[in-house]
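Listing of entry-v1.txt, compact mmCIF, C-alpha atoms
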# COMPACT_ATOMS: atom_id res chain seq x y z
CA MET A 632 0.00 0.00 0.00
CA SER A 633 1.57 3.23 -1.04
CA LYS A 634 1.60 6.09 1.34
CA THR A 635 0.69 8.64 -1.26
CA PRO A 636 -2.71 10.14 -0.53
CA LEU A 637 -5.04 9.14 -3.31
CA ASN A 638 -5.75 12.66 -4.31
CA PRO A 639 -8.99 12.82 -2.41
CA ALA A 640 -9.98 16.27 -3.48
CA THR A 641 -10.39 15.44 -7.10
CA SER A 642 -11.74 11.96 -6.73
CA ALA A 643 -14.28 13.01 -4.17
CA SER A 644 -15.65 15.95 -6.02
CA SER A 645 -15.78 14.33 -9.41
CA ASN A 646 -18.18 11.76 -8.08
CA LEU A 647 -20.39 14.02 -6.11
CA SER A 648 -23.69 13.08 -7.55
CA LEU A 649 -23.09 9.45 -6.62
CA THR A 650 -25.28 8.54 -9.47
CA GLY A 651 -22.35 8.14 -11.77
CA TYR A 652 -20.61 6.20 -9.13
CA GLY A 653 -19.09 3.58 -11.33
CA GLY A 654 -16.01 5.60 -11.99
CA GLY A 655 -13.11 3.27 -12.02
CA TYR A 656 -14.73 0.00 -11.15
CA ASP A 657 -14.73 -1.79 -14.36
CA SER A 658 -15.92 -5.22 -15.00
CA GLY A 659 -12.61 -6.99 -14.60
CA TYR A 660 -13.25 -6.78 -10.94
CA GLN A 661 -16.24 -9.04 -10.93
CA THR A 662 -15.26 -11.47 -13.56
CA GLY A 663 -11.79 -11.76 -12.17
CA SER A 664 -12.86 -12.75 -8.72
CA TYR A 665 -15.67 -15.03 -9.61
CA GLY A 666 -14.56 -16.89 -12.64
CA GLY A 667 -17.10 -15.18 -14.86
CA GLY A 668 -20.20 -16.06 -12.89
CA GLY A 669 -22.87 -15.74 -15.51
CA GLY A 670 -20.59 -15.44 -18.47
CA GLY A 671 -20.92 -19.09 -19.37
CA GLY A 672 -18.05 -21.19 -20.68
CA GLY A 673 -14.62 -19.77 -20.34
CA GLY A 674 -12.52 -19.22 -17.33
CA PHE A 675 -11.37 -21.76 -14.85
CA ALA A 676 -14.76 -22.53 -13.47
CA GLY A 677 -14.36 -26.18 -14.47
CA GLY A 678 -15.26 -27.93 -11.26
CA SER A 679 -13.19 -31.05 -11.89
CA GLN A 680 -10.41 -29.97 -9.61
CA GLY A 681 -12.65 -28.47 -6.97
CA GLY A 682 -12.88 -31.06 -4.25
CA SER A 683 -10.49 -30.58 -1.41
CA GLN A 684 -8.97 -27.37 -2.67
CA ALA A 685 -10.33 -24.02 -1.66
CA SER A 686 -12.66 -22.76 -4.33
CA PRO A 687 -11.09 -20.32 -6.74
CA GLY A 688 -13.57 -17.66 -5.72
CA LYS A 689 -12.32 -17.65 -2.17
CA SER A 690 -8.63 -17.40 -2.84
CA ALA A 691 -9.32 -14.65 -5.34
CA ALA A 692 -11.45 -12.80 -2.79
CA ARG A 693 -8.59 -12.92 -0.35
CA ASN A 694 -6.65 -10.63 -2.64
CA THR A 695 -9.26 -7.92 -2.78
CA LEU A 696 -9.24 -4.62 -0.94
CA ARG A 697 -12.59 -3.11 -0.19
CA PRO A 698 -13.42 0.32 1.30
CA VAL A 699 -16.00 -0.11 4.07
CA THR A 700 -17.61 1.70 6.97
CA ILE A 701 -17.16 0.30 10.48
CA LYS A 702 -20.86 -0.53 10.54
CA GLN A 703 -20.28 -2.79 7.55
CA ILE A 704 -17.50 -4.57 9.44
CA ILE A 705 -19.75 -5.08 12.46
CA ASP A 706 -22.67 -6.19 10.28
CA ALA A 707 -20.57 -8.50 8.08
CA GLN A 708 -21.82 -12.06 8.10
CA ALA A 709 -19.50 -14.78 9.35
CA PRO A 710 -20.74 -18.06 7.88
CA GLY A 711 -18.82 -20.16 10.39
CA GLU A 712 -15.50 -20.76 8.72
CA ASP A 713 -12.55 -19.16 10.39
CA ASN A 714 -12.33 -15.51 9.66
CA VAL A 715 -14.28 -15.55 6.44
CA PHE A 716 -16.59 -12.58 6.26
CA ILE A 717 -19.25 -11.61 3.78
CA ILE A 718 -20.50 -8.14 2.95
CA ASP A 719 -23.17 -7.62 0.30
CA ASN A 720 -22.90 -11.33 -0.60
CA HIS A 721 -19.23 -11.07 -1.47
CA ASP A 722 -16.30 -12.57 0.40
CA ILE A 723 -14.06 -10.02 2.00
CA GLY A 724 -10.30 -10.06 1.72
CA HIS A 725 -8.67 -6.91 2.96
CA ILE A 726 -10.62 -3.88 4.02
CA SER A 727 -9.79 -0.22 4.18
CA PHE A 728 -11.47 2.49 6.19
CA VAL A 729 -11.05 5.98 7.59
CA ALA A 730 -12.02 6.67 11.19
CA GLN A 731 -11.09 8.64 14.28
CA ILE A 732 -8.83 7.23 16.95
CA ARG A 733 -10.61 7.34 20.32
CA ASN A 734 -8.09 5.46 22.40
CA ILE A 735 -4.58 4.08 22.02
CA ALA A 736 -3.32 1.18 24.14
CA GLU A 737 0.27 0.00 23.87
CA GLN A 738 0.98 -3.65 24.58
CA GLU A 739 4.13 -5.72 24.57
CA THR A 740 3.83 -6.85 20.98
CA SER A 741 1.15 -4.64 19.56
CA THR A 742 -0.73 -1.37 19.71
CA THR A 743 -4.51 -1.35 19.91
CA PHE A 744 -6.46 1.58 18.55
CA LYS A 745 -10.10 2.05 19.40
CA MET A 746 -11.55 3.62 16.29
CA GLU A 747 -14.88 5.18 15.49
CA ASP A 748 -16.19 6.67 12.27
CA GLY A 749 -19.72 7.71 13.18
CA THR A 750 -21.14 4.39 11.99
CA GLY A 751 -19.68 2.19 14.72
CA THR A 752 -16.68 1.46 16.91
CA ILE A 753 -14.04 -1.22 16.47
CA GLU A 754 -10.63 -2.11 17.85
CA VAL A 755 -7.71 -2.13 15.47
CA LYS A 756 -4.58 -4.07 16.34
CA LYS A 757 -1.21 -3.26 14.87
CA PHE A 758 1.46 -5.82 15.66
CA ARG A 759 4.98 -4.57 16.09
CA GLU A 760 7.11 -5.48 13.12
CA THR A 761 9.65 -8.11 14.06
CA LYS A 762 10.46 -9.64 10.73
CA GLN A 763 13.77 -8.76 9.18
CA SER A 764 12.06 -7.70 5.98
CA ASP A 765 10.05 -5.06 7.79
CA MET A 766 13.09 -3.37 9.28
CA ASP A 767 15.12 -0.73 7.59
CA GLU A 768 18.84 -1.02 6.81
CA ASP A 769 19.88 -0.32 10.37
CA GLY A 770 17.72 -3.10 11.71
CA VAL A 771 15.33 -0.66 13.31
CA THR A 772 11.64 -1.31 13.08
CA PRO A 773 9.80 1.66 11.66
CA ALA A 774 7.93 3.61 14.30
CA LEU A 775 4.22 4.23 14.00
CA ASP A 776 3.13 7.36 12.20
CA PRO A 777 3.54 10.12 14.84
CA GLY A 778 0.30 11.67 13.59
CA LEU A 779 -1.65 8.81 15.15
CA THR A 780 -2.94 10.64 18.19
CA GLN A 781 -6.21 10.59 20.05
CA ASN A 782 -9.10 12.05 18.02
CA ALA A 783 -7.01 12.16 14.84
CA TYR A 784 -8.46 10.63 11.69
CA ALA A 785 -6.52 7.68 10.32
CA ARG A 786 -6.63 5.40 7.32
CA VAL A 787 -6.48 1.69 8.12
CA VAL A 788 -5.80 -1.19 5.78
CA GLY A 789 -6.28 -4.60 7.32
CA THR A 790 -8.29 -7.76 7.75
CA ILE A 791 -11.31 -8.59 9.91
CA ARG A 792 -10.70 -11.05 12.74
CA GLN A 793 -12.99 -12.62 15.25
CA PHE A 794 -12.26 -14.56 18.39
CA GLY A 795 -14.52 -15.32 21.28
CA GLY A 796 -17.37 -13.41 19.73
CA LYS A 797 -15.31 -10.25 19.62
CA ARG A 798 -14.62 -8.76 16.26
CA ASN A 799 -11.63 -6.59 15.53
CA VAL A 800 -9.30 -5.58 12.73
CA ASN A 801 -5.68 -6.57 12.27
CA THR A 802 -3.83 -3.92 10.38
CA HIS A 803 -0.53 -3.90 8.59
CA ASN A 804 -0.82 -0.27 7.63
CA ILE A 805 -2.28 2.57 9.64
CA ARG A 806 -1.46 6.19 8.93
CA ALA A 807 -2.84 9.56 9.89
CA VAL A 808 -5.12 11.38 7.47
CA THR A 809 -3.54 14.70 6.59
CA ASP A 810 -6.12 16.00 4.11
CA ALA A 811 -9.69 16.06 5.39
CA ASN A 812 -10.98 15.48 1.87
CA GLU A 813 -9.78 11.90 2.19
CA ILE A 814 -12.51 11.36 4.78
CA GLN A 815 -15.27 12.38 2.41
CA CYS A 816 -13.59 10.52 -0.41
CA HIS A 817 -13.56 7.35 1.65
CA PHE A 818 -17.24 7.44 2.57
CA LEU A 819 -18.28 8.16 -1.00
CA GLU A 820 -16.05 5.36 -2.20
CA ALA A 821 -17.45 2.94 0.37
CA THR A 822 -20.96 3.89 -0.72
CA ALA A 823 -20.11 3.45 -4.38
CA VAL A 824 -18.59 0.02 -3.81
CA HIS A 825 -21.51 -1.01 -1.61
CA LEU A 826 -23.90 -0.02 -4.39
CA HIS A 827 -21.78 -1.76 -6.98
CA PHE A 828 -22.03 -5.06 -5.13
CA SER A 829 -25.58 -4.75 -3.88
CA ARG A 830 -27.15 -3.28 -6.99
CA GLY A 831 -24.76 -3.87 -9.87
CA PRO A 832 -22.74 -1.44 -11.94
CA PRO A 833 -24.60 1.79 -12.68
CA ASP A 834 -24.57 1.60 -16.46
CA ALA A 835 -26.29 -1.75 -16.54
CA GLN A 836 -29.37 0.12 -15.43
CA GLY A 837 -28.53 3.23 -17.37
CA ALA A 838 -29.08 1.34 -20.60
CA LYS A 839 -32.58 0.32 -19.63
CA GLY A 840 -33.83 2.84 -17.17
CA ALA A 841 -32.92 5.69 -19.54
CA GLY A 842 -33.34 9.23 -18.35
CA GLY A 843 -33.55 9.57 -14.60
CA GLN A 844 -30.20 9.30 -12.95
CA GLN A 845 -31.60 8.99 -9.50
CA ALA A 846 -34.42 6.90 -10.86
CA GLY A 847 -31.91 4.39 -12.12
CA TYR A 848 -31.21 3.40 -8.58
CA ALA A 849 -34.71 3.67 -7.28
CA GLN A 850 -36.05 1.27 -9.86
CA ASP A 851 -33.15 -0.96 -9.56
CA THR A 852 -34.47 -3.44 -7.04
CA ASP A 853 -37.30 -4.63 -9.21
CA MET A 854 -35.07 -4.60 -12.23
CA GLY A 855 -32.67 -7.06 -10.74
CA GLY A 856 -33.99 -9.99 -12.69
CA ALA A 857 -34.81 -8.21 -15.89
CA ALA A 858 -31.49 -6.52 -16.11
CA GLY A 859 -29.80 -9.86 -15.81
CA ASN A 860 -30.19 -10.86 -19.42
CA ALA A 861 -29.00 -7.78 -21.16
CA GLY A 862 -26.89 -7.06 -18.16
CA ASN A 863 -24.64 -10.08 -18.31
CA ALA A 864 -23.10 -8.98 -21.54
CA ALA A 865 -23.44 -5.31 -20.84
CA ASN A 866 -21.74 -5.67 -17.48
CA LEU A 867 -18.49 -6.34 -19.22
CA LEU A 868 -18.55 -2.91 -20.81
CA PRO A 869 -16.87 -0.06 -19.04
CA PRO A 870 -19.08 2.48 -17.31
CA GLY A 871 -19.88 5.38 -19.59
CA THR A 872 -20.51 3.22 -22.64
CA SER A 873 -23.37 4.72 -24.65
CA PRO A 874 -26.71 2.91 -24.92
CA ASN A 875 -26.24 2.39 -28.68
CA ALA A 876 -22.86 0.83 -28.15
CA ARG A 877 -24.32 -1.47 -25.51
CA LYS A 878 -27.09 -2.53 -27.85
CA ILE A 879 -24.68 -3.26 -30.66
CA TYR A 880 -22.36 -5.13 -28.36
CA GLY A 881 -25.29 -7.27 -27.29
CA ILE A 882 -26.12 -8.06 -30.91
CA LEU A 883 -22.54 -8.99 -31.77
CA LYS A 884 -22.23 -11.02 -28.63
CA ASN A 885 -25.22 -13.14 -29.52
CA ARG A 886 -23.86 -14.06 -32.94
CA HIS A 887 -21.56 -16.92 -32.13
CA ASP A 888 -21.92 -18.37 -35.64
CA SER A 889 -19.54 -16.28 -37.67
CA SER A 890 -15.92 -15.63 -36.99
CA GLU A 891 -15.63 -12.95 -39.65
CA GLY A 892 -17.96 -10.68 -37.71
CA MET A 893 -20.87 -8.70 -38.98
CA HIS A 894 -20.98 -6.01 -41.63
CA ILE A 895 -21.66 -2.58 -40.28
CA SER A 896 -24.80 -2.11 -42.37
CA MET A 897 -26.17 -5.36 -40.99
CA ILE A 898 -25.45 -4.11 -37.51
CA ALA A 899 -27.30 -0.90 -38.22
CA GLN A 900 -30.24 -2.91 -39.52
CA HIS A 901 -30.39 -5.23 -36.53
CA ALA A 902 -29.95 -2.47 -34.03
CA LYS A 903 -32.42 -0.22 -35.86
CA VAL A 904 -29.97 2.63 -35.54
CA SER A 905 -28.88 5.04 -38.28
CA MET A 906 -25.60 4.34 -40.07
CA ALA A 907 -24.00 7.46 -38.64
CA GLU A 908 -24.93 6.46 -35.11
CA THR A 909 -23.78 2.91 -35.75
CA TYR A 910 -20.37 4.11 -36.91
CA LYS A 911 -20.10 6.19 -33.81
CA ALA A 912 -21.09 3.37 -31.49
CA VAL A 913 -18.82 0.85 -33.22
CA ASP A 914 -15.98 3.30 -32.99
CA GLU A 915 -16.61 3.50 -29.27
CA LEU A 916 -16.51 -0.27 -28.92
CA LEU A 917 -13.30 -0.46 -30.94
CA THR A 918 -11.69 2.22 -28.83
CA ASN A 919 -12.65 0.37 -25.68
CA GLY A 920 -11.07 -2.76 -27.05
CA VAL A 921 -14.16 -4.91 -26.62
CA CYS A 922 -14.64 -5.28 -30.40
CA PHE A 923 -12.28 -5.60 -33.36
CA THR A 924 -12.42 -5.38 -37.11
CA THR A 925 -12.07 -8.62 -39.04
CA MET A 926 -11.46 -8.99 -42.80
CA ASP A 927 -11.91 -5.28 -43.50
CA ASP A 928 -12.79 -2.13 -41.61
CA GLU A 929 -16.50 -2.69 -42.05
CA HIS A 930 -16.76 -6.11 -40.46
CA ILE A 931 -16.91 -6.08 -36.70
CA ALA A 932 -16.74 -8.90 -34.18
CA CYS A 933 -16.63 -8.71 -30.43
CA MET A 934 -14.08 -10.17 -28.12
CA ASP A 935 -15.31 -13.33 -26.51
CA PHE A 936 -14.68 -12.94 -22.86
CA MET B 1063 -26.09 0.05 18.09
CA THR B 1064 -23.69 1.97 20.23
CA GLU B 1065 -22.05 5.24 19.49
CA GLN B 1066 -23.39 6.03 16.08
CA THR B 1067 -23.23 9.66 15.07
CA PRO B 1068 -24.98 10.21 11.74
CA ARG B 1069 -23.55 12.97 9.55
CA VAL B 1070 -26.11 15.72 9.10
CA ASN B 1071 -26.42 19.30 7.86
CA ALA B 1072 -28.50 22.25 9.06
CA GLY B 1073 -31.64 21.10 7.27
CA LEU B 1074 -31.60 17.64 8.84
CA LEU B 1075 -31.27 18.78 12.46
CA SER B 1076 -35.00 18.75 13.08
CA SER B 1077 -35.09 14.99 12.48
CA PHE B 1078 -32.33 14.39 15.00
CA THR B 1079 -33.27 16.37 18.09
CA ALA B 1080 -31.88 14.95 21.32
CA GLN B 1081 -29.53 12.69 19.35
CA THR B 1082 -25.79 12.83 18.92
CA VAL B 1083 -24.75 13.79 15.41
CA ARG B 1084 -21.75 14.89 13.36
CA ILE B 1085 -22.05 18.14 11.51
CA THR B 1086 -19.40 19.65 9.28
CA GLY B 1087 -19.38 23.27 8.21
CA LYS B 1088 -17.43 26.45 7.78
CA VAL B 1089 -16.94 28.62 10.87
CA VAL B 1090 -18.72 31.94 10.30
CA GLN B 1091 -18.53 33.53 13.72
CA ILE B 1092 -17.15 32.84 17.19
CA ARG B 1093 -18.51 34.82 20.11
CA GLY B 1094 -17.60 33.74 23.61
CA ASN B 1095 -18.57 30.14 23.96
CA THR B 1096 -20.92 30.01 21.02
CA ALA B 1097 -20.00 29.72 17.36
CA THR B 1098 -21.98 29.86 14.16
CA ILE B 1099 -21.13 27.46 11.38
CA ASP B 1100 -22.52 27.14 7.87
CA SER B 1101 -23.53 23.63 6.90
CA GLN B 1102 -26.03 24.13 4.08
CA GLY B 1103 -27.60 26.65 6.46
CA THR B 1104 -26.46 28.30 9.69
CA VAL B 1105 -26.14 26.33 12.89
CA VAL B 1106 -25.39 27.68 16.36
CA VAL B 1107 -22.92 25.63 18.38
CA GLN B 1108 -22.43 25.84 22.14
CA LEU B 1109 -18.71 25.26 22.38
CA ASP B 1110 -17.06 22.90 24.79
CA SER B 1111 -14.30 24.31 26.99
CA GLU B 1112 -11.75 22.22 25.07
CA THR B 1113 -13.09 23.08 21.65
CA THR B 1114 -10.95 23.03 18.52
CA VAL B 1115 -13.25 25.61 16.91
CA LYS B 1116 -10.90 28.58 16.92
CA THR B 1117 -10.44 29.85 13.39
CA ILE B 1118 -13.06 31.66 11.35
CA GLY B 1119 -13.14 30.37 7.77
CA ASN B 1120 -11.90 26.90 8.65
CA VAL B 1121 -14.08 23.87 8.17
CA VAL B 1122 -14.81 21.99 11.38
CA GLU B 1123 -16.53 18.74 12.22
CA ILE B 1124 -18.52 18.87 15.43
CA ILE B 1125 -19.86 15.88 17.31
CA GLY B 1126 -22.58 16.98 19.64
CA LYS B 1127 -26.14 16.73 20.81
CA VAL B 1128 -28.95 18.46 18.98
CA ASN B 1129 -30.94 20.72 21.32
CA ALA B 1130 -34.65 21.35 21.00
CA ASP B 1131 -33.97 24.72 19.36
CA HIS B 1132 -31.74 22.99 16.76
CA SER B 1133 -28.54 24.40 18.19
CA ILE B 1134 -25.79 21.93 19.00
CA LYS B 1135 -23.97 21.23 22.22
CA GLU B 1136 -20.44 20.28 21.29
CA PHE B 1137 -18.85 17.16 22.80
CA VAL B 1138 -15.75 17.03 20.65
CA SER B 1139 -14.67 18.58 17.37
CA ALA B 1140 -12.01 18.39 14.70
CA ASP B 1141 -10.57 21.26 12.69
CA PHE B 1142 -10.29 20.23 9.02
CA GLY B 1143 -8.52 23.42 7.94
CA PRO B 1144 -9.65 25.78 5.18
CA ASN B 1145 -9.16 23.54 2.13
CA VAL B 1146 -12.12 21.21 2.29
CA ASP B 1147 -14.48 20.50 -0.56
CA LEU B 1148 -17.86 21.34 0.97
CA ALA B 1149 -19.72 19.81 -1.94
CA ALA B 1150 -18.07 16.49 -1.07
CA VAL B 1151 -19.01 16.98 2.56
CA ASP B 1152 -22.62 17.41 1.59
CA ALA B 1153 -22.47 14.45 -0.76
CA VAL B 1154 -21.46 12.31 2.23
CA VAL B 1155 -24.41 13.68 4.23
CA GLN B 1156 -26.76 12.81 1.36
CA ALA B 1157 -25.25 9.34 0.99
CA THR B 1158 -25.52 8.74 4.74
CA HIS B 1159 -29.27 9.10 4.63
CA ALA B 1160 -29.93 7.70 1.16
CA PHE B 1161 -27.94 4.53 1.86
CA ARG B 1162 -28.40 4.39 5.60
CA GLU B 1163 -27.78 0.62 5.71
CA ILE B 1164 -24.03 1.14 5.79
CA PHE B 1165 -24.05 4.25 8.03
CA TYR B 1166 -26.50 4.04 10.90
CA ASP B 1167 -29.41 2.15 12.38
CA PRO B 1168 -32.69 4.04 12.65
CA LYS B 1169 -33.63 5.05 16.19
Please rewrite the model in this file as structure tokens.
Amino acid sequence: MSKTPLNPATSASSNLSLTGYGGGYDSGYQTGSYGGGGGGGGGFAGGSQGGSQASPGKSAARNTLRPVTIKQIIDAQAPGEDNVFIIDNHDIGHISFVAQIRNIAEQETSTTFKMEDGTGTIEVKKFRETKQSDMDEDGVTPALDPGLTQNAYARVVGTIRQFGGKRNVNTHNIRAVTDANEIQCHFLEATAVHLHFSRGPPDAQGAKGAGGQQAGYAQDTDMGGAAGNAGNAANLLPPGTSPNARKIYGILKNRHDSSEGMHISMIAQHAKVSMAETYKAVDELLTNGVCFTTMDDEHIACMDF
Amino acid sequence: MTEQTPRVNAGLLSSFTAQTVRITGKVVQIRGNTATIDSQGTVVVQLDSETTVKTIGNVVEIIGKVNADHSIKEFVSADFGPNVDLAAVDAVVQATHAFREIFYDPK
């Protein structure tokens, strides 16, 4: 984890409306972790080697980092297995949050911070580094960030732990927040990611629920099922893809028969979109790298993910 | 749930009387042990003796109890300095109440 602040000012304000929350969370995220859930075929879903090994989904989840609120940590489900936690139906690997330090307790081998972010309170344990690799050249373990004082805001990266019914967080990186915009940025990010997992990427609805930005979310719950069909393919497209491009991608995606792709005039016909608009949409898909030209510039096929 | 302090602005205070909240705004005036802050509307704050609200123009976050007259009794506060994006602050307030499930439990 780099110590550079993630430029909170710009990232927070560019996402203010929250309706366009998708920002940087592209599809690779989902498909990567879950072996292409609905995508059919492909991937390493093949269950033959399942058996005794941990499922691929779980080990992949372990390498994720998710921004959360403390309430989400407290509310996370623990389905019984050791230290496996689920938020919004997704396994949690590492978590990151921003909260205020309310108490600091030094122990022999660790420091415990009691932290609170307005949504809940949790204890965060930072073990003293003893491994050679964590020491600097002089064999000195790096001291904790001196900015970590009572009532200061801090950013924590760590994992959720539970023993004896008590839940806490083990951290390997805790540092003071020096720019208050990071606080806002974090909560907006946590909200965006929560919405991504609980309601799907924003543009999946955008394509259908045209018009209302806010409405897109409001309607979303009853669209869950309906969006699924068009959504599966459309989910692979980056946020911000135009509705026409989504439509055309869907058409190309459903034509598994030909390897030489589809002529652009055929696409226009199928999509019932003007040639000019079709060119524009196809250009968008080509730029995004989800489609490619085949035997000439006018035949388009889509990448088979 | 223990110790939840929902983030609010001036307009939301009426729904949170007698509760502990967090409110972030720009310091407009300090007079004795009361201050006025602007958080999408003016809010009067009764300052604690150990307050961090000292600089006019800075953005502060106050944790305190909402009185019946919609003023706030400060428990603790944090000075965020002058360079805070207030639009982002308000976006967090909106998100807190629109997607309450990850922020606070209803009373």
What is the distance, in Å and to one decimal place, between atom CA of Ala807 of chain A and atom CA of Ile791 of chain A?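 So the answer is 20.0 Å.
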So which one's closest to chain B, A:Asp810, A:Glu915, A:Asp927, A:Asp713? Using all atoms listed in the file, please. A:Asp810
Measuring atom to atom with only C-alpha atoms, identify which of B:Val1154, B:Ile1125, B:Ile1118, B:Ile1164 is nearest to Ser1139 of chain B.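 Residue with the minimum atom-to-atom distance to Ser1139 of chain B: B:Ile1125.
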Counting all atoms listed in the file, select every polymer residue within 7 Å of (-9.8, 23.4, 14.7) as defined in the file's coordinates, and provide the selection as a VMD selection string. chain B and resid 1114 to 1117 1122 1140 to 1143
Please produce, as a tab-separated table, a per-residue contact table for chain B versus chain A (criterion: any atom at most 8 Å away, all atoms listed in the file considered), showing the nearest atom pair and its distance in Å to one decimal, sorted by chain then residue number.
residue	atom	partner	partner_atom	distance
B:Met1063	CA	A:Gly751	CA	7.6
B:Thr1064	CA	A:Gly751	CA	6.8
B:Glu1065	CA	A:Gly751	CA	6.1
B:Gln1066	CA	A:Thr750	CA	4.9
B:Thr1067	CA	A:Gly749	CA	4.4
B:Pro1068	CA	A:Gly749	CA	6.0
B:Arg1069	CA	A:Gly749	CA	7.5
B:Arg1084	CA	A:Gly749	CA	7.5
B:Ala1140	CA	A:Asn782	CA	7.7
B:Phe1142	CA	A:Ala811	CA	5.6
B:Gly1143	CA	A:Ala811	CA	7.9
B:Val1146	CA	A:Asn812	CA	5.9
B:Asp1147	CA	A:Asn812	CA	6.6
B:Ala1149	CA	A:Ser644	CA	6.9
B:Ala1150	CA	A:Ser644	CA	5.5
B:Val1151	CA	A:Gln815	CA	5.9
B:Ala1153	CA	A:Leu647	CA	5.8
B:Val1154	CA	A:Leu819	CA	6.1
B:Ala1157	CA	A:Thr822	CA	7.1
B:Phe1161	CA	A:Thr822	CA	7.5
B:Ile1164	CA	A:Gln703	CA	5.7
B:Phe1165	CA	A:Thr750	CA	4.9
B:Tyr1166	CA	A:Thr750	CA	5.5
Just to confirm, what's the straight-line distance from atom CA of Asp1131 of chain B to atom CA of Thr1079 of chain B in Å (one decimal)? 8.5 Å
Could you check which residues have any atom within 8 Å of (-22.0, 26.5, 22.8), counting all atoms listed in the file with coordinates taken straight from the file, and then list them as a list in words? Asn1095, Thr1096, Ala1097, Val1106, Val1107, Gln1108, Leu1109, Asp1110, Ile1134, Lys1135 and Glu1136 of chain B
Could you write out the selected residues, including C-alpha atoms, as a PDB file, in the coordinates of the input?
ATOM      1  CA  ASN B1095     -18.570  30.140  23.960  1.00  0.00           C
ATOM      2  CA  THR B1096     -20.920  30.010  21.020  1.00  0.00           C
ATOM      3  CA  ALA B1097     -20.000  29.720  17.360  1.00  0.00           C
ATOM      4  CA  VAL B1106     -25.390  27.680  16.360  1.00  0.00           C
ATOM      5  CA  VAL B1107     -22.920  25.630  18.380  1.00  0.00           C
ATOM      6  CA  GLN B1108     -22.430  25.840  22.140  1.00  0.00           C
ATOM      7  CA  LEU B1109     -18.710  25.260  22.380  1.00  0.00           C
ATOM      8  CA  ASP B1110     -17.060  22.900  24.790  1.00  0.00           C
ATOM      9  CA  ILE B1134     -25.790  21.930  19.000  1.00  0.00           C
ATOM     10  CA  LYS B1135     -23.970  21.230  22.220  1.00  0.00           C
ATOM     11  CA  GLU B1136     -20.440  20.280  21.290  1.00  0.00           C
TER      12      GLU B1136
END
Long-range neighbours of Gly1087 of chain B as a PyMOL selection string, 8 Å cut-off, all atoms listed in the file, 2 positions minimum in chain: chain B and resi 1085+1089+1099-1102+1121-1123+1148
With all atoms listed in the file as the atoms that count, which of A:Lys745, A:Val808, A:Glu891, A:Lys878 lies nearest to Val904 of chain A?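 So, comparing all the options, the nearest one is A:Lys878.
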Have a look at atom CA of His725 of chain A and atom CA of Thr740 of chain A and let me know their distance in Å, one decimal.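 About the pair atom CA of His725 of chain A and atom CA of Thr740 of chain A: they are 21.9 Å apart.
Using all atoms listed in the file, the smallest distance between any of B:Thr1104, B:Ala1072, B:Asn1145, B:Gln1081 and Val1128 of chain B comes from B:Gln1081.
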